[in-house]
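One file, run31.cif, is given below (mmCIF, C-alpha atoms and all ligand atoms).
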data_protein
loop_
_atom_site.label_atom_id
_atom_site.label_comp_id
_atom_site.auth_asym_id
_atom_site.auth_seq_id
_atom_site.Cartn_x
_atom_site.Cartn_y
_atom_site.Cartn_z
CA MET P 1 0.00 0.00 0.00
CA THR P 2 1.38 3.43 -0.85
CA VAL P 3 0.32 6.73 0.70
CA GLU P 4 1.15 10.27 -0.30
CA THR P 5 4.14 11.45 1.73
CA ILE P 6 4.05 15.15 2.55
CA LEU P 7 7.42 16.81 3.21
CA ARG P 8 6.85 19.95 5.32
CA PRO P 9 9.31 22.42 6.78
CA TYR P 10 9.36 22.58 10.59
CA ASP P 11 6.94 25.19 11.95
CA ASP P 12 3.98 25.32 14.37
CA ASP P 13 1.46 24.15 11.76
CA ALA P 14 3.65 21.20 10.79
CA ILE P 15 3.91 20.14 14.45
CA ALA P 16 0.12 20.46 14.88
CA ASP P 17 -0.37 18.27 11.78
CA ALA P 18 2.14 15.71 13.09
CA ALA P 19 0.53 15.62 16.56
CA GLU P 20 -2.91 15.04 15.08
CA ARG P 21 -1.61 12.17 12.96
CA ILE P 22 0.18 10.59 15.93
CA LEU P 23 -2.93 10.81 18.13
CA GLY P 24 -4.74 9.09 15.24
CA GLY P 25 -2.30 6.15 15.42
CA GLU P 26 0.01 7.09 12.50
CA CYS P 27 3.79 7.33 12.56
CA VAL P 28 5.57 10.50 11.45
CA ALA P 29 9.23 11.25 10.65
CA ILE P 30 10.70 14.02 12.80
CA PRO P 31 14.29 15.12 13.40
CA THR P 32 16.06 14.85 16.75
CA GLU P 33 19.61 16.14 17.38
CA THR P 34 20.97 12.69 16.46
CA VAL P 35 19.04 11.33 13.48
CA TYR P 36 15.51 11.58 12.09
CA GLY P 37 13.14 9.33 14.06
CA LEU P 38 9.97 7.53 13.01
CA ALA P 39 7.72 8.52 15.91
CA ALA P 40 4.49 7.00 17.23
CA ASP P 41 2.48 7.21 20.46
CA ALA P 42 4.38 4.87 22.81
CA THR P 43 1.20 4.15 24.78
CA ASN P 44 -0.64 2.85 21.68
CA GLY P 45 0.49 -0.70 20.82
CA GLU P 46 -1.05 -0.71 17.32
CA ALA P 47 0.61 2.60 16.47
CA VAL P 48 3.96 1.15 17.56
CA ALA P 49 3.28 -2.03 15.55
CA ARG P 50 2.93 0.24 12.49
CA ILE P 51 6.50 1.48 13.06
CA TYR P 52 7.76 -2.08 12.54
CA GLU P 53 5.45 -2.55 9.56
CA THR P 54 6.62 0.71 7.97
CA LYS P 55 10.31 -0.06 8.45
CA GLY P 56 9.82 -3.62 7.25
CA ARG P 57 11.73 -4.84 10.29
CA PRO P 58 11.93 -8.64 10.28
CA SER P 59 12.04 -8.73 14.09
CA PHE P 60 10.85 -6.79 17.13
CA ASN P 61 13.92 -4.96 18.35
CA PRO P 62 13.00 -2.88 21.41
CA LEU P 63 12.58 0.84 20.74
CA ILE P 64 13.66 4.05 22.51
CA VAL P 65 10.99 6.11 24.29
CA HIS P 66 11.37 9.91 24.10
CA VAL P 67 10.15 12.28 26.83
CA ASN P 68 10.50 16.01 27.56
CA ASP P 69 10.73 16.06 31.35
CA PHE P 70 12.30 14.05 34.13
CA TRP P 71 8.95 13.46 35.86
CA GLU P 72 7.66 11.84 32.65
CA ALA P 73 10.74 9.62 32.59
CA GLU P 74 10.15 8.57 36.21
CA GLU P 75 6.64 7.38 35.35
CA ILE P 76 8.20 5.01 32.82
CA ALA P 77 11.50 3.83 34.34
CA ASP P 78 13.16 3.39 37.74
CA PHE P 79 16.18 5.65 38.22
CA ASP P 80 18.85 4.62 40.71
CA ARG P 81 21.40 7.20 41.88
CA THR P 82 23.73 6.60 38.92
CA ALA P 83 20.90 6.90 36.41
CA GLN P 84 19.85 10.16 38.04
CA ILE P 85 23.37 11.56 37.82
CA LEU P 86 23.53 10.68 34.11
CA ALA P 87 20.12 12.20 33.40
CA ASP P 88 21.03 15.39 35.32
CA GLU P 89 24.26 15.78 33.40
CA PHE P 90 23.36 14.75 29.84
CA TRP P 91 19.60 15.32 29.41
CA PRO P 92 18.28 16.79 27.26
CA GLY P 93 20.81 15.33 24.82
CA PRO P 94 22.05 12.31 22.85
CA LEU P 95 22.20 9.78 25.70
CA THR P 96 19.77 6.84 26.01
CA LEU P 97 19.51 5.02 29.33
CA VAL P 98 18.35 1.39 29.54
CA LEU P 99 16.69 1.04 32.95
CA PRO P 100 14.27 -1.26 34.77
CA GLN P 101 10.76 -0.42 33.65
CA ASN P 102 8.38 1.05 36.23
CA PRO P 103 5.57 -1.50 36.82
CA ASP P 104 3.02 1.33 36.35
CA SER P 105 4.59 2.47 33.06
CA PRO P 106 1.95 3.53 30.50
CA VAL P 107 4.18 2.33 27.63
CA ALA P 108 2.83 -0.50 25.39
CA SER P 109 4.58 -3.86 25.79
CA ILE P 110 5.59 -4.04 22.10
CA VAL P 111 7.92 -1.04 22.69
CA THR P 112 10.21 -3.12 24.91
CA ALA P 113 9.46 -6.36 23.02
CA GLY P 114 8.40 -7.81 26.36
CA LEU P 115 11.68 -7.05 28.19
CA PRO P 116 11.59 -5.83 31.81
CA THR P 117 13.96 -2.97 30.91
CA ILE P 118 13.23 0.10 28.80
CA ALA P 119 15.38 2.45 26.73
CA ILE P 120 14.56 6.10 27.40
CA ARG P 121 15.96 9.47 26.39
CA MET P 122 15.15 13.16 26.57
CA PRO P 123 15.93 14.77 23.21
CA ALA P 124 17.24 18.34 22.93
CA PHE P 125 16.18 19.32 19.42
CA PRO P 126 13.10 21.62 19.28
CA PRO P 127 11.07 19.78 16.57
CA MET P 128 11.00 16.52 18.56
CA ARG P 129 10.42 18.37 21.86
CA ASP P 130 7.55 20.36 20.34
CA LEU P 131 5.97 17.18 19.03
CA ILE P 132 6.18 15.39 22.40
CA ALA P 133 4.58 18.46 24.04
CA ALA P 134 1.83 18.70 21.42
CA VAL P 135 0.97 14.99 21.69
CA GLY P 136 1.23 15.01 25.49
CA ARG P 137 2.49 11.42 25.55
CA PRO P 138 5.87 9.67 25.34
CA LEU P 139 6.90 8.87 21.76
CA ALA P 140 8.57 5.65 20.62
CA ALA P 141 10.96 6.31 17.75
CA PRO P 142 13.60 4.25 15.98
CA SER P 143 15.65 5.82 13.20
CA ALA P 144 13.43 6.77 10.23
CA ASN P 145 14.88 4.43 7.63
CA ALA P 146 13.76 1.17 6.10
CA SER P 147 15.21 -1.85 7.88
CA GLY P 148 18.82 -2.54 6.93
CA ARG P 149 19.43 0.94 5.47
CA ILE P 150 21.59 3.66 7.01
CA SER P 151 20.16 6.10 9.54
CA PRO P 152 18.85 9.39 8.14
CA SER P 153 20.49 12.69 9.11
CA ARG P 154 18.44 14.69 6.55
CA ALA P 155 14.78 14.66 5.45
CA GLU P 156 15.91 13.55 1.97
CA HIS P 157 17.44 10.42 3.50
CA VAL P 158 14.07 9.62 5.09
CA MET P 159 12.33 10.13 1.74
CA ALA P 160 14.84 7.83 0.05
CA THR P 161 13.50 4.78 1.88
CA LEU P 162 10.11 5.75 3.37
CA ASN P 163 8.50 7.84 0.60
CA GLY P 164 5.05 6.37 -0.01
CA LYS P 165 5.08 4.53 3.33
CA ILE P 166 4.32 7.38 5.79
CA GLY P 167 2.06 10.45 5.59
CA LEU P 168 4.41 13.15 6.88
CA VAL P 169 8.10 14.00 7.10
CA ILE P 170 9.05 17.16 9.00
CA ASP P 171 12.12 18.80 7.51
CA ALA P 172 14.50 20.77 9.74
CA GLY P 173 17.64 20.27 7.66
CA GLY P 174 20.68 18.27 8.72
CA THR P 175 20.87 16.96 12.29
CA VAL P 176 23.50 18.21 14.74
CA HIS P 177 25.22 14.87 15.45
CA GLY P 178 24.34 12.79 12.41
CA LEU P 179 24.59 9.54 14.33
CA GLU P 180 22.46 7.77 16.92
CA SER P 181 22.51 8.40 20.65
CA THR P 182 24.94 6.65 22.99
CA ILE P 183 23.12 3.83 24.81
CA VAL P 184 24.12 2.95 28.37
CA ALA P 185 22.44 0.28 30.51
CA VAL P 186 22.36 1.07 34.21
CA ALA P 187 21.66 -1.68 36.74
CA ASP P 188 22.60 -1.71 40.43
CA ASP P 189 25.03 1.13 39.83
CA HIS P 190 26.88 -0.82 37.11
CA LEU P 191 27.23 0.65 33.64
CA ARG P 192 27.36 -1.11 30.28
CA LEU P 193 27.85 0.54 26.90
CA LEU P 194 25.29 -0.92 24.49
CA ARG P 195 26.00 1.49 21.62
CA PRO P 196 28.75 4.10 21.26
CA GLY P 197 27.57 7.55 20.18
CA PRO P 198 27.98 11.32 20.63
CA ILE P 199 28.49 11.16 24.42
CA ASP P 200 31.74 9.29 24.91
CA ARG P 201 33.05 6.85 27.48
CA ALA P 202 35.28 9.40 29.24
CA GLN P 203 32.38 11.80 29.81
CA ILE P 204 30.22 9.06 31.33
CA GLU P 205 32.99 7.71 33.54
CA ALA P 206 33.93 11.23 34.70
CA VAL P 207 30.47 12.18 35.99
CA THR P 208 29.63 8.81 37.55
CA GLY P 209 33.06 7.81 38.83
CA LEU P 210 32.26 4.29 37.56
CA GLU P 211 33.83 2.08 34.92
CA LEU P 212 31.78 1.80 31.71
CA ARG P 213 31.98 -1.85 30.69
CA ASP P 214 31.38 -2.92 27.13
CA THR P 215 29.03 -5.87 27.60
CA LYS P 216 28.99 -8.95 29.79
CA ASP P 217 31.33 -10.80 27.47
CA GLY P 218 33.47 -7.78 26.71
CA THR P 219 32.16 -7.13 23.19
CA ILE P 220 30.04 -4.19 22.17
CA GLU P 221 26.46 -5.20 21.57
CA ALA P 222 25.68 -4.01 18.05
CA PRO P 223 22.36 -2.30 17.55
CA GLY P 224 19.83 -4.75 16.23
CA GLN P 225 21.73 -7.68 17.70
CA LEU P 226 20.34 -7.56 21.17
CA LYS P 227 21.18 -10.85 22.85
CA SER P 228 18.65 -10.75 25.66
CA HIS P 229 15.22 -11.58 24.32
CA TYR P 230 12.08 -11.97 26.31
CA ALA P 231 11.03 -15.61 26.44
CA PRO P 232 8.19 -16.92 28.59
CA ALA P 233 9.16 -19.27 31.43
CA LYS P 234 6.83 -21.99 30.06
CA PRO P 235 7.37 -24.21 27.00
CA LEU P 236 5.91 -22.75 23.81
CA ARG P 237 4.45 -24.72 20.89
CA LEU P 238 3.88 -23.06 17.51
CA ASP P 239 1.36 -23.60 14.69
CA ALA P 240 -1.14 -25.09 17.16
CA ILE P 241 -4.59 -25.56 15.61
CA ASP P 242 -5.89 -27.11 18.84
CA ALA P 243 -4.68 -26.98 22.43
CA GLU P 244 -3.58 -30.02 24.41
CA ASP P 245 -4.28 -30.54 28.13
CA GLY P 246 -2.56 -27.96 30.31
CA GLU P 247 -1.81 -25.61 27.43
CA PHE P 248 -2.85 -21.97 27.30
CA HIS P 249 -3.92 -21.49 23.68
CA ILE P 250 -3.22 -18.14 22.04
CA GLY P 251 -5.51 -17.81 19.03
CA PHE P 252 -5.46 -15.88 15.77
CA GLY P 253 -8.18 -15.40 13.15
CA ASP P 254 -10.59 -18.36 12.99
CA ILE P 255 -8.69 -20.18 15.75
CA ARG P 256 -10.16 -18.56 18.87
CA GLY P 257 -8.02 -20.08 21.63
CA ASP P 258 -8.19 -18.99 25.28
CA ALA P 259 -7.25 -15.46 24.20
CA SER P 260 -6.90 -14.19 20.64
CA LEU P 261 -4.16 -12.00 19.17
CA SER P 262 -6.74 -10.83 16.64
CA ALA P 263 -10.10 -12.43 15.93
CA ASP P 264 -10.14 -10.56 12.58
CA GLY P 265 -6.72 -11.90 11.57
CA ASP P 266 -5.29 -8.35 11.71
CA LEU P 267 -1.49 -8.55 11.98
CA VAL P 268 -1.11 -4.99 13.35
CA GLU P 269 -3.49 -5.81 16.20
CA ALA P 270 -1.74 -9.16 16.73
CA ALA P 271 1.69 -7.55 16.97
CA ALA P 272 0.37 -4.99 19.45
CA LEU P 273 -1.03 -7.74 21.70
CA LEU P 274 1.71 -10.37 21.31
CA PHE P 275 3.80 -9.64 24.40
CA ASP P 276 0.77 -9.02 26.61
CA ALA P 277 -0.64 -12.38 25.52
CA LEU P 278 2.63 -14.21 26.23
CA HIS P 279 2.94 -12.61 29.68
CA HIS P 280 -0.67 -13.43 30.42
CA ALA P 281 -0.23 -17.07 29.37
CA GLU P 282 2.98 -17.30 31.39
CA GLN P 283 1.14 -16.13 34.53
CA ASP P 284 -1.94 -18.35 34.14
CA GLU P 285 -1.73 -20.81 37.03
CA ASP P 286 -4.02 -23.37 35.37
CA CYS P 287 -1.61 -23.93 32.46
CA ASP P 288 1.95 -25.27 32.37
CA SER P 289 2.67 -24.60 28.70
CA ILE P 290 1.67 -22.30 25.87
CA ALA P 291 0.43 -23.05 22.34
CA VAL P 292 0.07 -20.43 19.62
CA ALA P 293 -2.12 -20.64 16.51
CA PRO P 294 -0.42 -20.38 13.09
CA ILE P 295 0.43 -16.80 12.06
CA PRO P 296 0.82 -16.07 8.33
CA GLU P 297 4.40 -15.26 7.35
CA GLU P 298 3.47 -12.01 5.59
CA GLY P 299 3.98 -8.35 6.60
CA LEU P 300 4.24 -8.08 10.38
CA GLY P 301 3.59 -11.83 10.59
CA ALA P 302 7.28 -12.43 9.80
CA ALA P 303 8.33 -10.40 12.86
CA ILE P 304 5.71 -12.10 15.05
CA ASN P 305 6.90 -15.55 13.92
CA ASP P 306 10.55 -14.57 14.41
CA ARG P 307 9.78 -13.65 18.01
CA LEU P 308 7.70 -16.79 18.61
CA ARG P 309 10.44 -19.04 17.21
CA ARG P 310 13.01 -17.42 19.53
CA ALA P 311 10.66 -17.80 22.47
CA ALA P 312 10.08 -21.46 21.58
CA ALA P 313 13.77 -22.30 21.10
O1 LIG L 1 19.51 8.66 18.39
C1 LIG L 1 18.73 7.74 18.58
O2 LIG L 1 18.82 6.99 19.56
C2 LIG L 1 17.61 7.53 17.56
C3 LIG L 1 16.69 8.75 17.64
C4 LIG L 1 15.52 8.66 16.72
O3 LIG L 1 16.29 8.93 18.98
N1 LIG L 1 16.88 6.32 17.77
C5 LIG L 1 17.43 5.08 17.50
O4 LIG L 1 16.55 4.02 17.70
O5 LIG L 1 18.55 4.91 17.12
P1 LIG L 1 16.79 2.53 17.12
O6 LIG L 1 15.49 1.80 17.32
O7 LIG L 1 17.29 2.60 15.73
O8 LIG L 1 17.83 1.91 18.09
C6 LIG L 1 17.47 1.61 19.42
C7 LIG L 1 18.43 0.61 20.00
C8 LIG L 1 18.22 -0.75 19.43
O9 LIG L 1 19.37 -1.19 18.77
C9 LIG L 1 17.94 -1.64 20.63
O10 LIG L 1 18.70 -2.80 20.58
C10 LIG L 1 18.34 -0.78 21.82
O11 LIG L 1 18.18 0.53 21.40
N2 LIG L 1 17.42 -1.02 22.94
C11 LIG L 1 16.16 -0.58 23.08
N3 LIG L 1 15.60 -1.05 24.22
C12 LIG L 1 16.52 -1.81 24.82
C13 LIG L 1 16.55 -2.59 26.02
N4 LIG L 1 15.50 -2.66 26.84
N5 LIG L 1 17.69 -3.25 26.31
C14 LIG L 1 18.77 -3.16 25.49
N6 LIG L 1 18.80 -2.46 24.34
C15 LIG L 1 17.70 -1.80 24.00
MG MG L 2 18.26 2.27 13.64
#

If you took the structure in this file and wrote it as structure tokens, what would it be?
Ligand code: TXA
Ligand code: MG
Amino acid sequence: MTVETILRPYDDDAIADAAERILGGECVAIPTETVYGLAADATNGEAVARIYETKGRPSFNPLIVHVNDFWEAEEIADFDRTAQILADEFWPGPLTLVLPQNPDSPVASIVTAGLPTIAIRMPAFPPMRDLIAAVGRPLAAPSANASGRISPSRAEHVMATLNGKIGLVIDAGGTVHGLESTIVAVADDHLRLLRPGPIDRAQIEAVTGLELRDTKDGTIEAPGQLKSHYAPAKPLRLDAIDAEDGEFHIGFGDIRGDASLSADGDLVEAAALLFDALHHAEQDEDCDSIAVAPIPEEGLGAAINDRLRRAAA
């Protein structure tokens, strides 16, 4: 399906247009100080599923949530002392923190791909800040490029891969940094560098007084190659037309199951509900294993199946 992509210069009317689209469940390309992001309402699972659909991502890689204020960040993630020091020093700016998610977080489960941690940052660039303020909700945004293509530092780069796939690109020229934010995971006052970026190791070590480790095994975790994936604690069986005794059956389309990902066979709805359904099945005390109905391997179905296969492995 192709749509008409409008390229608009950044001004108040463009932000109002973008906010209206985002509240309607669309995704919109908007520059931050690092790269152009493909933004959607982080509290709306179907809107976030459309980000994956638009990018043609073959898997659900967790996304970064963008907020304007520290109090908004605290509703979403738990900040220990080290995380607070980093936020004080580098926010707003090109630093993403991976933190334990607050149990009361309003963010949809597809944003974190079911993980208990969440990536969060406070951008500095006015277009993205204005959009967050106009929407009044946190925005999930990966880089605004088709999967496997380089990140966009200009509106033309967004158009090169997403023209015809999204309704609006807001153009504010070239970005300040031209590469993605530094990502640091903070847990129990230990720091790990998940992705190098504009804020460097020395700056982070200087303000925290802590060593910034690469990853557990000493190698830098490349973006898109996240090793920790959410997997339910119960065995998972795929392509299940019927359930066996003791199985929680997750349905799709004509296969109703105990809970359906989408009775209409809608893959966007199914993607939005996938992680909630797995968590629900995992917690159901009457079942010791999980069965999932067949999901067609088309569009978002490929990403859903990729995740289910990993969870079943
Ligand atoms: O500069 C940026 O960070 C841009 C702008 C738009 O903000 N965004 C960006 O997003 O680069 P994306 O989706 O292309 O990269 C996000 C990275 C992914 O590689 C993912 O592995 C990592 O963040 N990530 C997200 N949540 C995570 C989590 N809970 N644990 C570990 N890594 C996570
Ligand atoms: Mg990217």

For this session: Within 7 Å of ligand LIG 1 (chain L), which residues show up when you count only C-alpha atoms and all ligand atoms? List them as a ChimeraX atom specification, please.
Result: /P:32,34-38,61-64,94,96,98,112,115,117-119,141-143,179-181,183,194,222-226

Problem set entry | Exercise: Asp306 of chain P partners within 9 Å, all atoms listed in the file, chain neighbours under 4 positions left out, as a list in words |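 So the residues in contact are Pro58, Ser59, Phe60, Gly301, Ala302, Arg310 and Ala311 of chain P.
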
Those same residues, written as a PDB file, in the frame of the given file with C-alpha atoms?
ATOM      1  CA  PRO P  58      11.930  -8.640  10.280  1.00  0.00           C
ATOM      2  CA  SER P  59      12.040  -8.730  14.090  1.00  0.00           C
ATOM      3  CA  PHE P  60      10.850  -6.790  17.130  1.00  0.00           C
ATOM      4  CA  GLY P 301       3.590 -11.830  10.590  1.00  0.00           C
ATOM      5  CA  ALA P 302       7.280 -12.430   9.800  1.00  0.00           C
ATOM      6  CA  ARG P 310      13.010 -17.420  19.530  1.00  0.00           C
ATOM      7  CA  ALA P 311      10.660 -17.800  22.470  1.00  0.00           C
TER       8      ALA P 311
END

For this session: Excluding Ile241 of chain P and any residue of its chain fewer than 2 positions from it, enumerate the residues within 9 Å of it, using all atoms listed in the file, and give them as a VMD selection string.
Result: chain P and resid 239 243 251 255 257 291 to 294

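Shortest atom-to-atom contact with ligand MG 2 (chain L) among P:Leu238, P:Ala14, P:Ala144, P:Met122: P:Ala144, counting only C-alpha atoms and all ligand atoms.
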
Exercise. P:Ala113, P:Ala146, P:Ala185, P:Ala155: which is nearest ligand MG 2 (chain L), counting all atoms listed in the file?
Worked result: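 Looking only at the distances to ligand MG 2 (chain L), the closest residue turns out to be P:Ala146.
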
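Among the candidate residues P:Ala259, P:Ala39, P:Leu273, P:Ile199, the one lying nearest to Ile290 of chain P is P:Ala259, with distances computed using all atoms listed in the file.
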
Taking all atoms of segment 1-13 of chain P that the file lists and extending 4 Å past them on each side, where is the centre of the axis-aligned box and how long are its edges? Answer in Å to one decimal, as JSON.
{"center_x": 4.7, "center_y": 12.7, "center_z": 6.8, "size_x": 17.4, "size_y": 33.3, "size_z": 23.2}

Exercise. Segment 201-217 of chain P: which residues within 7 Å, counting all atoms listed in the file, same-chain residues fewer than 5 positions away excluded, as a list in words?
Worked result: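 Skipping anything fewer than 5 positions along the chain leaves Thr82, Ile85, Leu191, Arg192, Leu193 and Leu194 of chain P.
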
Contact check, segment 204-311 of chain P to segment 49-57 of chain P, at most 12 Å, counting all atoms listed in the file, closest pairs as a Markdown table:
| residue | atom | partner | partner_atom | distance |
| --- | --- | --- | --- | --- |
| P:Gly224 | CA | P:Arg57 | CA | 10.0 |
| P:Asp266 | CA | P:Ala49 | CA | 11.3 |
| P:Leu267 | CA | P:Ala49 | CA | 8.8 |
| P:Val268 | CA | P:Ala49 | CA | 5.7 |
| P:Glu269 | CA | P:Ala49 | CA | 7.8 |
| P:Ala270 | CA | P:Ala49 | CA | 8.8 |
| P:Ala271 | CA | P:Ala49 | CA | 5.9 |
| P:Ala272 | CA | P:Ala49 | CA | 5.7 |
| P:Leu273 | CA | P:Ala49 | CA | 9.4 |
| P:Leu274 | CA | P:Ala49 | CA | 10.3 |
| P:Phe275 | CA | P:Ala49 | CA | 11.7 |
| P:Glu298 | CA | P:Glu53 | CA | 10.4 |
| P:Gly299 | CA | P:Glu53 | CA | 6.7 |
| P:Leu300 | CA | P:Glu53 | CA | 5.7 |
| P:Gly301 | CA | P:Glu53 | CA | 9.5 |
| P:Ala302 | CA | P:Arg57 | CA | 8.8 |
| P:Ala303 | CA | P:Arg57 | CA | 7.0 |
| P:Ile304 | CA | P:Ala49 | CA | 10.4 |
| P:Asp306 | CA | P:Arg57 | CA | 10.6 |
| P:Arg307 | CA | P:Arg57 | CA | 11.9 |

For this session: Using all atoms listed in the file, find the one residue out of P:Leu95, P:Leu168, P:Ala87, P:Ile295 that sits nearest to Pro198 of chain P.
Result: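 Ranking P:Leu95, P:Leu168, P:Ala87, P:Ile295 by distance to Pro198 of chain P, first place goes to P:Leu95.
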
Exercise. Which residue, P:Ala40, P:Leu278, P:Ile150, P:Val67, has the smallest gap to ligand MG 2 (chain L) when you use only C-alpha atoms and all ligand atoms?
Worked result: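 The answer is P:Ile150, which sits nearest to ligand MG 2 (chain L).
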
Exercise. Nearest to ligand MG 2 (chain L) among P:Gly246, P:Gly167, P:Gly173, P:Gly148, with distances taken over all atoms listed in the file: which residue is it?
Worked result: P:Gly148

Seminar exercise, completed: Taken to one decimal, the atom CA of Arg81 of chain P-atom CA of Asp69 of chain P distance is 17.4 Å

Problem set entry | Asp284 of chain P environment, 12 Å, all atoms listed in the file, sequence neighbours closer than 5 positions dropped, as a ChimeraX atom specification | /P:232-234,246-249,258-259,277-279,289-290
